[in-house]
$ cat coords-v1.txt   # compact mmCIF, C-alpha atoms
# COMPACT_ATOMS: atom_id res chain seq x y z
CA MET U 9 -2.57 23.63 -4.99
CA ALA U 10 1.19 23.29 -4.50
CA LYS U 11 2.51 19.89 -3.48
CA ARG U 12 3.87 19.52 0.04
CA ASP U 13 7.51 18.69 0.59
CA PHE U 14 7.85 14.88 0.57
CA TYR U 15 10.03 14.91 3.69
CA ASP U 16 7.37 16.91 5.53
CA VAL U 17 4.68 14.49 4.31
CA LEU U 18 6.49 11.55 5.93
CA GLY U 19 7.67 13.60 8.91
CA VAL U 20 11.35 12.70 8.46
CA ASP U 21 14.56 14.66 8.22
CA LYS U 22 16.22 15.18 4.84
CA ASN U 23 19.12 13.04 6.06
CA ALA U 24 16.81 10.16 7.04
CA ASP U 25 18.05 6.71 6.02
CA GLU U 26 16.07 4.03 4.20
CA GLN U 27 14.82 2.36 7.39
CA GLU U 28 13.56 5.66 8.88
CA ILE U 29 11.68 6.46 5.67
CA LYS U 30 10.17 2.96 5.53
CA LYS U 31 9.11 3.07 9.20
CA ALA U 32 7.47 6.49 8.80
CA TYR U 33 5.63 5.32 5.67
CA ARG U 34 4.26 2.18 7.34
CA LYS U 35 2.98 4.18 10.29
CA LEU U 36 1.20 6.77 8.11
CA ALA U 37 -0.09 4.16 5.64
CA ARG U 38 -1.83 2.33 8.45
CA LYS U 39 -3.23 5.60 9.79
CA TYR U 40 -4.70 6.94 6.55
CA HIS U 41 -5.58 3.74 4.66
CA PRO U 42 -9.15 4.22 3.33
CA ASP U 43 -10.22 0.82 4.65
CA VAL U 44 -9.22 1.88 8.17
CA ASN U 45 -9.67 5.65 8.24
CA LYS U 46 -13.13 6.81 7.22
CA GLU U 47 -12.35 10.56 7.36
CA GLU U 48 -13.29 12.48 4.23
CA ASN U 49 -9.71 13.29 3.17
CA ALA U 50 -8.09 10.01 4.28
CA GLU U 51 -7.73 8.68 0.73
CA ASP U 52 -6.02 11.87 -0.47
CA LYS U 53 -3.60 11.74 2.47
CA PHE U 54 -2.89 8.06 1.79
CA LYS U 55 -2.07 8.84 -1.85
CA GLU U 56 0.15 11.75 -0.77
CA VAL U 57 2.04 9.51 1.66
CA LYS U 58 2.46 6.81 -1.02
CA ASP U 59 3.74 9.34 -3.59
CA ALA U 60 6.28 10.59 -1.06
CA TYR U 61 7.46 7.07 -0.23
CA ASP U 62 7.68 6.00 -3.89
CA THR U 63 10.05 8.90 -4.52
CA LEU U 64 12.18 8.88 -1.35
CA SER U 65 12.58 5.07 -1.24
CA ASP U 66 14.16 5.06 -4.70
CA SER U 67 17.74 6.37 -4.60
CA ASN U 68 17.64 7.77 -8.15
CA LYS U 69 14.26 9.45 -7.73
CA ARG U 70 15.31 10.82 -4.33
CA ALA U 71 18.51 12.32 -5.73
CA HIS U 72 16.50 13.95 -8.53
CA TYR U 73 13.93 15.26 -6.02
CA ASP U 74 16.63 16.62 -3.67
CA GLN U 75 18.05 18.59 -6.61
CA PHE U 76 14.91 19.81 -8.34
CA GLY U 77 12.03 19.30 -5.86
CA HIS U 78 8.66 18.94 -7.58
CA ALA U 79 9.82 20.91 -10.63
CA ASP U 80 10.68 18.98 -13.79
CA PRO U 81 13.87 20.46 -15.33
CA ASN U 82 12.88 19.06 -18.73
CA GLN U 83 9.77 21.23 -18.95
CA GLY U 84 9.81 24.69 -20.53
CA PHE U 85 9.38 26.42 -23.83
CA GLY U 86 12.42 24.88 -25.50
CA GLY U 87 15.06 26.73 -27.44
CA ALA U 88 15.06 28.02 -31.00
CA GLY U 89 17.79 26.72 -33.18
CA GLY U 90 19.14 26.86 -36.73
CA GLY U 91 17.18 30.01 -37.56
CA ASP U 92 13.83 28.30 -36.97
CA PHE U 93 11.14 29.60 -34.62
CA GLY U 94 10.26 26.21 -33.14
CA GLY U 95 10.68 27.64 -29.65
CA PHE U 96 7.71 29.96 -30.24
CA SER U 97 5.35 27.15 -31.22
CA ASP U 98 5.08 26.03 -27.62
CA ILE U 99 4.12 29.57 -26.59
CA PHE U 100 1.41 29.70 -29.24
CA ASP U 101 0.16 26.29 -28.15
CA MET U 102 -0.18 27.55 -24.58
CA PHE U 103 -2.28 30.55 -25.60
CA PHE U 104 -4.33 29.01 -28.37
CA GLY U 105 -4.76 25.39 -27.27
CA GLY U 106 -2.69 23.88 -30.04
CA GLY U 107 -1.21 20.41 -29.91
CA GLY U 108 2.35 19.35 -30.52
CA ARG U 109 3.19 16.87 -33.18
CA ARG U 110 0.38 15.37 -35.19
CA GLN U 111 -0.64 12.03 -33.73
CA ASP U 112 -2.41 9.24 -35.50
CA PRO U 113 -5.80 8.90 -33.73
CA ASN U 114 -5.95 5.26 -34.82
CA ALA U 115 -2.51 4.31 -33.51
CA PRO U 116 -2.44 1.54 -30.85
CA ARG U 117 -2.56 2.88 -27.27
CA GLN U 118 -2.02 1.04 -24.02
CA GLY U 119 -4.98 0.71 -21.64
CA SER U 120 -5.11 2.40 -18.24
CA ASP U 121 -3.76 0.76 -15.09
CA LEU U 122 -6.18 -0.27 -12.35
CA GLN U 123 -5.79 -0.40 -8.57
CA TYR U 124 -7.51 -2.82 -6.18
CA THR U 125 -7.24 -2.55 -2.38
CA MET U 126 -7.28 -5.87 -0.52
CA THR U 127 -7.60 -6.37 3.24
CA LEU U 128 -5.75 -9.38 4.68
CA GLU U 129 -5.86 -11.13 8.01
CA PHE U 130 -2.55 -11.02 9.90
CA LYS U 131 -1.91 -14.73 9.32
CA GLU U 132 -2.71 -14.46 5.58
CA ALA U 133 -0.13 -11.69 5.17
CA ILE U 134 2.53 -13.72 6.99
CA PHE U 135 2.13 -16.96 5.05
CA GLY U 136 0.69 -15.65 1.76
CA LYS U 137 -2.07 -17.32 -0.21
CA GLU U 138 -3.67 -17.75 -3.61
CA THR U 139 -7.15 -16.37 -4.17
CA ASP U 140 -9.58 -15.01 -6.74
CA ILE U 141 -10.68 -11.39 -6.82
CA GLU U 142 -13.32 -9.64 -8.92
CA ILE U 143 -12.63 -6.21 -10.36
CA PRO U 144 -14.88 -3.92 -12.40
CA ARG U 145 -13.23 -2.90 -15.64
CA GLU U 146 -14.04 -1.99 -19.23
CA GLU U 147 -13.74 -4.66 -21.89
CA ASP U 148 -14.34 -4.78 -25.61
CA CYS U 149 -18.02 -5.13 -26.46
CA ASN U 150 -18.76 -8.68 -27.60
CA THR U 151 -21.58 -7.53 -29.87
CA CYS U 152 -19.51 -5.22 -32.06
CA GLY U 153 -16.04 -6.56 -31.32
CA GLY U 154 -14.98 -3.19 -29.92
CA SER U 155 -15.67 -1.19 -33.08
CA GLY U 156 -18.72 0.59 -31.67
CA ALA U 157 -20.63 0.01 -34.90
CA LYS U 158 -23.80 -2.03 -35.29
CA PRO U 159 -23.06 -5.60 -36.46
CA GLY U 160 -22.92 -5.69 -40.23
CA THR U 161 -21.62 -2.12 -40.43
CA SER U 162 -18.27 -0.50 -39.74
CA PRO U 163 -16.95 2.93 -38.77
CA GLU U 164 -16.27 5.35 -41.61
CA THR U 165 -13.57 7.95 -42.08
CA CYS U 166 -14.58 11.31 -40.63
CA THR U 167 -15.65 13.66 -43.44
CA GLN U 168 -14.64 16.77 -41.49
CA CYS U 169 -11.03 15.94 -40.58
CA GLY U 170 -10.34 13.28 -43.19
CA GLY U 171 -9.39 10.74 -40.53
CA ALA U 172 -6.73 12.94 -38.92
CA GLY U 173 -8.70 13.48 -35.73
CA GLN U 174 -7.52 17.10 -35.71
CA LEU U 175 -8.40 20.33 -37.50
CA ASN U 176 -6.06 23.13 -38.53
CA VAL U 177 -7.50 26.49 -37.47
CA GLU U 178 -5.92 29.76 -38.55
CA GLN U 179 -5.88 32.68 -36.12
CA ASN U 180 -4.56 36.23 -36.26
CA THR U 181 -2.33 37.06 -33.28
CA PRO U 182 0.03 39.91 -32.36
CA PHE U 183 2.79 37.68 -33.75
CA GLY U 184 1.08 37.19 -37.07
CA ARG U 185 -1.13 34.47 -38.54
CA VAL U 186 -0.84 31.22 -36.60
CA VAL U 187 -2.04 27.77 -37.62
CA ASN U 188 -3.43 26.01 -34.58
CA ARG U 189 -4.48 22.34 -34.27
CA ARG U 190 -7.63 21.34 -32.41
CA VAL U 191 -9.42 18.08 -31.80
CA CYS U 192 -12.09 17.43 -34.40
CA ASP U 193 -15.48 17.99 -32.77
CA LYS U 194 -17.29 15.71 -35.20
CA CYS U 195 -15.37 12.51 -34.39
CA ASP U 196 -13.95 13.54 -30.97
CA GLY U 197 -10.43 12.99 -32.23
CA THR U 198 -10.89 9.38 -33.33
CA GLY U 199 -10.78 10.11 -37.05
CA GLN U 200 -13.84 7.93 -37.56
CA GLN U 201 -17.60 8.30 -37.55
CA ILE U 202 -20.12 5.69 -36.53
CA LYS U 203 -23.46 6.17 -38.30
CA ASP U 204 -25.15 3.02 -36.95
CA LYS U 205 -24.09 2.60 -33.33
CA CYS U 206 -24.03 -0.73 -31.55
CA ASN U 207 -27.11 -1.16 -29.36
CA THR U 208 -25.12 -2.88 -26.60
CA CYS U 209 -22.37 -0.32 -26.01
CA GLY U 210 -23.96 2.76 -27.59
CA GLY U 211 -21.03 3.25 -29.95
CA ARG U 212 -18.32 3.27 -27.27
CA GLY U 213 -16.95 -0.14 -28.18
CA LYS U 214 -16.47 -0.83 -24.44
CA VAL U 215 -18.74 -2.25 -21.74
CA LYS U 216 -18.36 -2.48 -17.95
CA LYS U 217 -17.88 -6.01 -16.66
CA ARG U 218 -16.72 -7.74 -13.49
CA LYS U 219 -13.61 -9.78 -14.19
CA LYS U 220 -12.47 -12.66 -11.96
CA ILE U 221 -8.67 -12.79 -11.62
CA HIS U 222 -6.55 -15.39 -9.82
CA ILE U 223 -3.65 -13.86 -7.87
CA ARG U 224 -0.85 -15.19 -5.70
CA ILE U 225 -0.07 -13.16 -2.59
CA PRO U 226 3.58 -13.64 -1.56
CA ALA U 227 4.40 -14.49 2.06
CA GLY U 228 5.43 -11.51 4.19
CA VAL U 229 3.43 -8.69 2.58
CA ASP U 230 2.62 -5.71 4.79
CA THR U 231 0.28 -2.73 4.75
CA GLY U 232 0.93 -0.34 1.85
CA GLN U 233 2.83 -2.87 -0.25
CA GLN U 234 1.51 -3.89 -3.64
CA ILE U 235 1.88 -6.47 -6.38
CA ARG U 236 1.54 -5.92 -10.12
CA VAL U 237 -0.58 -8.26 -12.21
CA ALA U 238 0.56 -7.62 -15.76
CA GLY U 239 -2.05 -7.17 -18.48
CA GLN U 240 -5.08 -7.17 -16.17
CA GLY U 241 -5.86 -3.44 -16.38
CA GLU U 242 -8.13 -1.72 -18.87
CA PRO U 243 -7.89 -3.06 -22.45
CA GLY U 244 -5.86 -1.10 -24.97
CA THR U 245 -7.24 0.95 -27.84
CA ASN U 246 -6.79 0.13 -31.52
CA GLY U 247 -5.06 -3.13 -30.70
CA GLY U 248 -2.77 -1.65 -28.05
CA PRO U 249 -1.72 -3.70 -25.00
CA ALA U 250 -3.82 -3.79 -21.84
CA GLY U 251 -2.77 -1.88 -18.74
CA ASP U 252 -1.69 -3.52 -15.48
CA LEU U 253 -3.54 -4.22 -12.23
CA TYR U 254 -1.95 -3.12 -8.95
CA VAL U 255 -3.20 -4.89 -5.82
CA VAL U 256 -2.49 -2.79 -2.68
CA PHE U 257 -2.62 -4.55 0.69
CA ASN U 258 -4.02 -3.51 4.05
CA VAL U 259 -3.16 -5.94 6.88
CA LYS U 260 -5.33 -6.19 9.99
CA GLU U 261 -3.74 -5.88 13.42
CA HIS U 262 -3.31 -9.00 15.61
CA GLU U 263 -4.33 -9.04 19.27
CA PHE U 264 -1.16 -10.81 20.46
CA PHE U 265 1.55 -10.24 17.86
CA GLN U 266 2.76 -6.84 16.69
CA ARG U 267 4.81 -6.42 13.55
CA ASP U 268 7.53 -3.96 12.58
CA GLY U 269 8.95 -4.79 9.18
CA ASP U 270 10.01 -8.44 9.29
CA ASP U 271 10.28 -8.55 13.10
CA ILE U 272 7.48 -9.79 15.37
CA PHE U 273 6.93 -8.55 18.93
CA CYS U 274 4.84 -10.00 21.76
CA GLU U 275 4.46 -10.06 25.56
CA MET U 276 4.55 -13.30 27.60
CA PRO U 277 3.14 -13.61 31.12
CA ILE U 278 5.22 -15.37 33.78
CA THR U 279 4.62 -15.85 37.48
CA PHE U 280 6.62 -14.33 40.29
CA VAL U 281 8.02 -17.78 41.13
CA GLN U 282 9.13 -18.34 37.52
CA SER U 283 10.84 -14.96 37.42
CA ALA U 284 12.56 -15.48 40.77
CA LEU U 285 13.65 -19.12 40.41
CA GLY U 286 13.85 -19.35 36.61
CA ASP U 287 11.93 -21.73 34.34
CA GLU U 288 11.50 -23.03 30.79
CA ILE U 289 8.28 -21.77 29.23
CA GLU U 290 6.44 -22.36 25.98
CA VAL U 291 6.11 -19.38 23.64
CA PRO U 292 3.75 -19.17 20.63
CA THR U 293 5.45 -18.22 17.37
CA LEU U 294 4.19 -17.86 13.82
CA GLU U 295 5.23 -21.44 13.12
CA GLY U 296 4.19 -23.13 16.37
CA LYS U 297 5.29 -23.40 20.00
CA VAL U 298 8.95 -23.20 21.08
CA LYS U 299 10.74 -23.49 24.43
CA LEU U 300 12.25 -20.37 26.02
CA LYS U 301 14.55 -20.49 29.04
CA VAL U 302 13.83 -17.78 31.61
CA PRO U 303 16.87 -17.26 33.87
CA ALA U 304 16.44 -16.91 37.64
CA GLY U 305 16.01 -13.30 38.72
CA THR U 306 14.38 -12.19 35.46
CA GLN U 307 12.67 -8.82 35.87
CA THR U 308 9.38 -7.79 34.30
CA GLY U 309 10.00 -6.08 30.96
CA THR U 310 13.07 -8.19 30.11
CA HIS U 311 13.45 -8.83 26.37
CA PHE U 312 14.36 -12.10 24.67
CA ARG U 313 14.95 -12.72 20.97
CA LEU U 314 14.18 -15.79 18.90
CA ARG U 315 16.27 -15.56 15.73
CA GLY U 316 14.52 -16.40 12.47
CA LYS U 317 11.07 -16.67 14.07
CA GLY U 318 9.71 -13.44 12.62
CA ALA U 319 7.92 -12.73 9.34
CA PRO U 320 9.43 -13.87 6.02
CA ASN U 321 10.88 -11.11 3.90
CA VAL U 322 8.52 -10.48 0.98
CA ARG U 323 11.48 -10.27 -1.43
CA GLY U 324 12.91 -13.57 -0.22
CA ALA U 325 15.76 -12.05 1.82
CA GLY U 326 15.52 -14.35 4.83
CA GLN U 327 13.25 -14.04 7.84
CA GLY U 328 12.94 -11.59 10.73
CA ASP U 329 13.21 -12.29 14.46
CA GLN U 330 10.63 -12.61 17.21
CA HIS U 331 11.11 -10.35 20.23
CA ILE U 332 9.54 -11.37 23.53
CA GLN U 333 9.01 -9.14 26.54
CA VAL U 334 8.14 -11.00 29.74
CA LYS U 335 5.54 -9.57 32.07
CA ILE U 336 5.15 -10.79 35.67
CA ILE U 337 1.49 -11.44 36.44
CA THR U 338 0.06 -11.53 39.94
CA PRO U 339 -2.32 -14.48 40.58
CA LYS U 340 -5.93 -13.45 41.13
CA LYS U 341 -6.90 -16.26 43.53
CA LEU U 342 -4.70 -17.46 46.40
CA SER U 343 -5.22 -20.14 49.02
CA ASP U 344 -4.82 -19.27 52.70
CA ARG U 345 -1.49 -21.10 52.76
CA GLN U 346 -0.24 -19.18 49.71
CA ARG U 347 -1.22 -15.88 51.30
CA GLU U 348 0.57 -16.83 54.50
CA LEU U 349 3.75 -17.72 52.64
CA LEU U 350 3.64 -14.48 50.66
CA ARG U 351 3.22 -12.45 53.81
CA GLU U 352 6.20 -14.23 55.33
CA PHE U 353 8.18 -13.49 52.17
CA SER U 354 7.08 -9.87 52.26
CA GLU U 355 8.12 -9.48 55.89
CA GLU U 356 11.42 -11.19 55.23
CA SER U 357 12.20 -9.01 52.19
CA GLY U 358 10.63 -5.81 53.56
CA SER U 359 8.33 -5.36 50.57
CA GLN U 360 4.59 -5.05 50.13
CA ALA U 361 2.43 -7.75 48.50
CA PRO U 362 1.74 -7.12 44.78
CA ASP U 363 -1.66 -6.09 43.47
CA GLU U 364 -3.86 -8.62 41.64
CA GLN U 365 -4.18 -8.29 37.84
CA SER U 366 -6.72 -9.24 35.24
CA GLU U 367 -6.77 -12.59 33.44
CA ASN U 368 -7.48 -10.95 30.06
CA PHE U 369 -3.80 -11.06 29.18
CA PHE U 370 -3.70 -14.84 29.66
CA ALA U 371 -6.73 -15.21 27.38
CA LYS U 372 -4.86 -13.49 24.54
CA VAL U 373 -1.88 -15.81 24.97
CA LYS U 374 -4.15 -18.86 24.91
CA ARG U 375 -5.69 -17.70 21.64
CA ALA U 376 -2.22 -17.16 20.16
CA PHE U 377 -1.31 -20.76 21.01
CA LYS U 378 -4.55 -21.92 19.41
CA ASN U 379 -4.14 -19.91 16.18
CA PHE U 380 -0.41 -20.45 15.59
CA GLY U 381 0.36 -23.54 17.68
$ encode --input "coords-v1.txt" --output "structure tokens"
Amino acid sequence: MAKRDFYDVLGVDKNADEQEIKKAYRKLARKYHPDVNKEENAEDKFKEVKDAYDTLSDSNKRAHYDQFGHADPNQGFGGAGGGDFGGFSDIFDMFFGGGGRRQDPNAPRQGSDLQYTMTLEFKEAIFGKETDIEIPREEDCNTCGGSGAKPGTSPETCTQCGGAGQLNVEQNTPFGRVVNRRVCDKCDGTGQQIKDKCNTCGGRGKVKKRKKIHIRIPAGVDTGQQIRVAGQGEPGTNGGPAGDLYVVFNVKEHEFFQRDGDDIFCEMPITFVQSALGDEIEVPTLEGKVKLKVPAGTQTGTHFRLRGKGAPNVRGAGQGDQHIQVKIITPKKLSDRQRELLREFSEESGSQAPDEQSENFFAKVKRAFKNFG
């Protein structure tokens, strides 16, 4: 199945800047993250979105993609040169399953990378934390030391391929007789045979275990971002280095604060009197309560900004801002005197009395003060 255009995947124009690409990625990552979206194809869509972002957020990769798309200009049959027919070997390999250069089956190889998805509370993502996680991964068998052979024995050189891990097979083709390399079916390409297999791992040399790993989550991480824990992936083969572990984050939404990049947004309730006469109110922030001056005549929906009160930048580039939108709330219970005064005000100003609103909004603000105050 052909890959979709990366710009179409993120829903952005080809001239989109870095911020537009990042904003589109965050929105789609939250939508399709497997921990949030339980639809059958959510994980595939999340991976597609991440692949698109990884390419378009890197200036070099994006330039390469804009020029070549998904095609790799380095692929192809290659050219013949110096009177040799090396260019045809790739064609024969395609038809007859041959390999390229001969590889040592016992050469050291790096282990595979692993990925772990971690869900964080909003506050944990803002301030970061250190924690332990457990991941399932393959490790060398303790019984045989990773050899796969029963203790007291050792693997032997394959008698069929002589330790090469590959067999040369001759075939007649329209181009003539061709020597084709195939993986040895007796040793599965390892170049070795195990006559007495280890009872613990069954000759694989690897066993599944749960590994506890201590990680440090930097302050300011957001959904879709990841950290690399070097050397904590699958172990290498034949003494090769281990792969890496990538921890991908999914951050839960907060009932009072909303986040966009490093900026924090929230709504604050004020009374009609405060909006008309002005006042100094307390506002919850990520680091505690602060005073905010509300000028007289402030209208509902007015925005205020608290510089440096947003989320810390995960790369250490400062801190975002907190944006506050005030919302005028009508009191639910009024005394007779208050009603009388409001009616007089309404008659004087020629306006109708406002409708009463729910107290649920105030409850959210109270909880924000409690959690971050």
$ closest_residue --input "coords-v1.txt" --among "U:Pro292, U:Gly305, U:Gly232, U:Gly119" --to "Gly269 (chain U)" --atoms "only C-alpha atoms"
U:Gly232
$ atom_distance --input "coords-v1.txt" --atom1 "CA of Val291 (chain U)" --atom2 "CA of Gln333 (chain U)"
11.0 Å
$ residues_near_point --input "coords-v1.txt" --point "(0.9, -5.9, -10.9)" --cutoff "8 Å" --atoms "all atoms listed in the file" --output "ChimeraX atom specification"
/U:234-238,252-255
$ residues_around --input "coords-v1.txt" --residues "region 195-203 of chain U" --least-positions-apart "4" --cutoff "12 Å" --atoms "all atoms listed in the file" --output "PyMOL selection string"
chain U and resi 110-116+152+155-159+161-175+189-191+210-213+245-246
$ closest_residue --input "coords-v1.txt" --among "U:Pro249, U:Gly153, U:Pro226, U:Gly286" --to "Cys209 (chain U)" --atoms "only C-alpha atoms"
U:Gly153
$ atom_distance --input "coords-v1.txt" --atom1 "CA of Arg12 (chain U)" --atom2 "CA of Ala24 (chain U)"
17.4 Å
$ atom_distance --input "coords-v1.txt" --atom1 "CA of Lys317 (chain U)" --atom2 "CA of Leu300 (chain U)"
12.6 Å
$ residues_around --input "coords-v1.txt" --residues "Glu26 (chain U)" --least-positions-apart "4" --cutoff "12 Å" --atoms "all atoms listed in the file" --output "list in words"
Val20, Asp21, Lys22, Lys30, Lys31, Ala32, Tyr33, Tyr61, Asp62, Thr63, Leu64, Ser65, Asp66, Ser67 and Arg70 of chain U
$ write_last_selection --input "coords-v1.txt" --atoms "C-alpha atoms" --output "short mmCIF file (atom, residue, chain, number, x, y, z; two decimals), in the frame of the given file"
data_model
loop_
_atom_site.label_atom_id
_atom_site.label_comp_id
_atom_site.auth_asym_id
_atom_site.auth_seq_id
_atom_site.Cartn_x
_atom_site.Cartn_y
_atom_site.Cartn_z
CA VAL U 20 11.35 12.70 8.46
CA ASP U 21 14.56 14.66 8.22
CA LYS U 22 16.22 15.18 4.84
CA LYS U 30 10.17 2.96 5.53
CA LYS U 31 9.11 3.07 9.20
CA ALA U 32 7.47 6.49 8.80
CA TYR U 33 5.63 5.32 5.67
CA TYR U 61 7.46 7.07 -0.23
CA ASP U 62 7.68 6.00 -3.89
CA THR U 63 10.05 8.90 -4.52
CA LEU U 64 12.18 8.88 -1.35
CA SER U 65 12.58 5.07 -1.24
CA ASP U 66 14.16 5.06 -4.70
CA SER U 67 17.74 6.37 -4.60
CA ARG U 70 15.31 10.82 -4.33
#
$ residues_around --input "coords-v1.txt" --residues "Tyr40 (chain U)" --least-positions-apart "4" --cutoff "8 Å" --atoms "only C-alpha atoms" --output "MDAnalysis selection string"
chainID U and resid 36 44:45 50:51 53:54
$ closest_residue --input "coords-v1.txt" --among "U:Phe273, U:Pro339, U:Arg185, U:Gly244" --to "Leu314 (chain U)" --atoms "only C-alpha atoms"
U:Phe273
$ residues_around --input "coords-v1.txt" --residues "Arg313 (chain U)" --least-positions-apart "6" --cutoff "9 Å" --atoms "all atoms listed in the file" --output "count of residues only"
5
$ residues_around --input "coords-v1.txt" --residues "Ile223 (chain U)" --least-positions-apart "2" --cutoff "7 Å" --atoms "only C-alpha atoms" --output "count of residues only"
5
$ axis_aligned_box --input "coords-v1.txt" --around "region 36-55 of chain U" --padding-each-side "3 Å" --output "AutoDock Vina command-line options"
--center_x -6.0 --center_y 7.1 --center_z 4.0 --size_x 20.5 --size_y 18.5 --size_z 17.6
$ closest_residue --input "coords-v1.txt" --among "U:Leu349, U:Lys35, U:Thr127, U:Phe312" --to "Lys299 (chain U)" --atoms "all atoms listed in the file"
U:Phe312
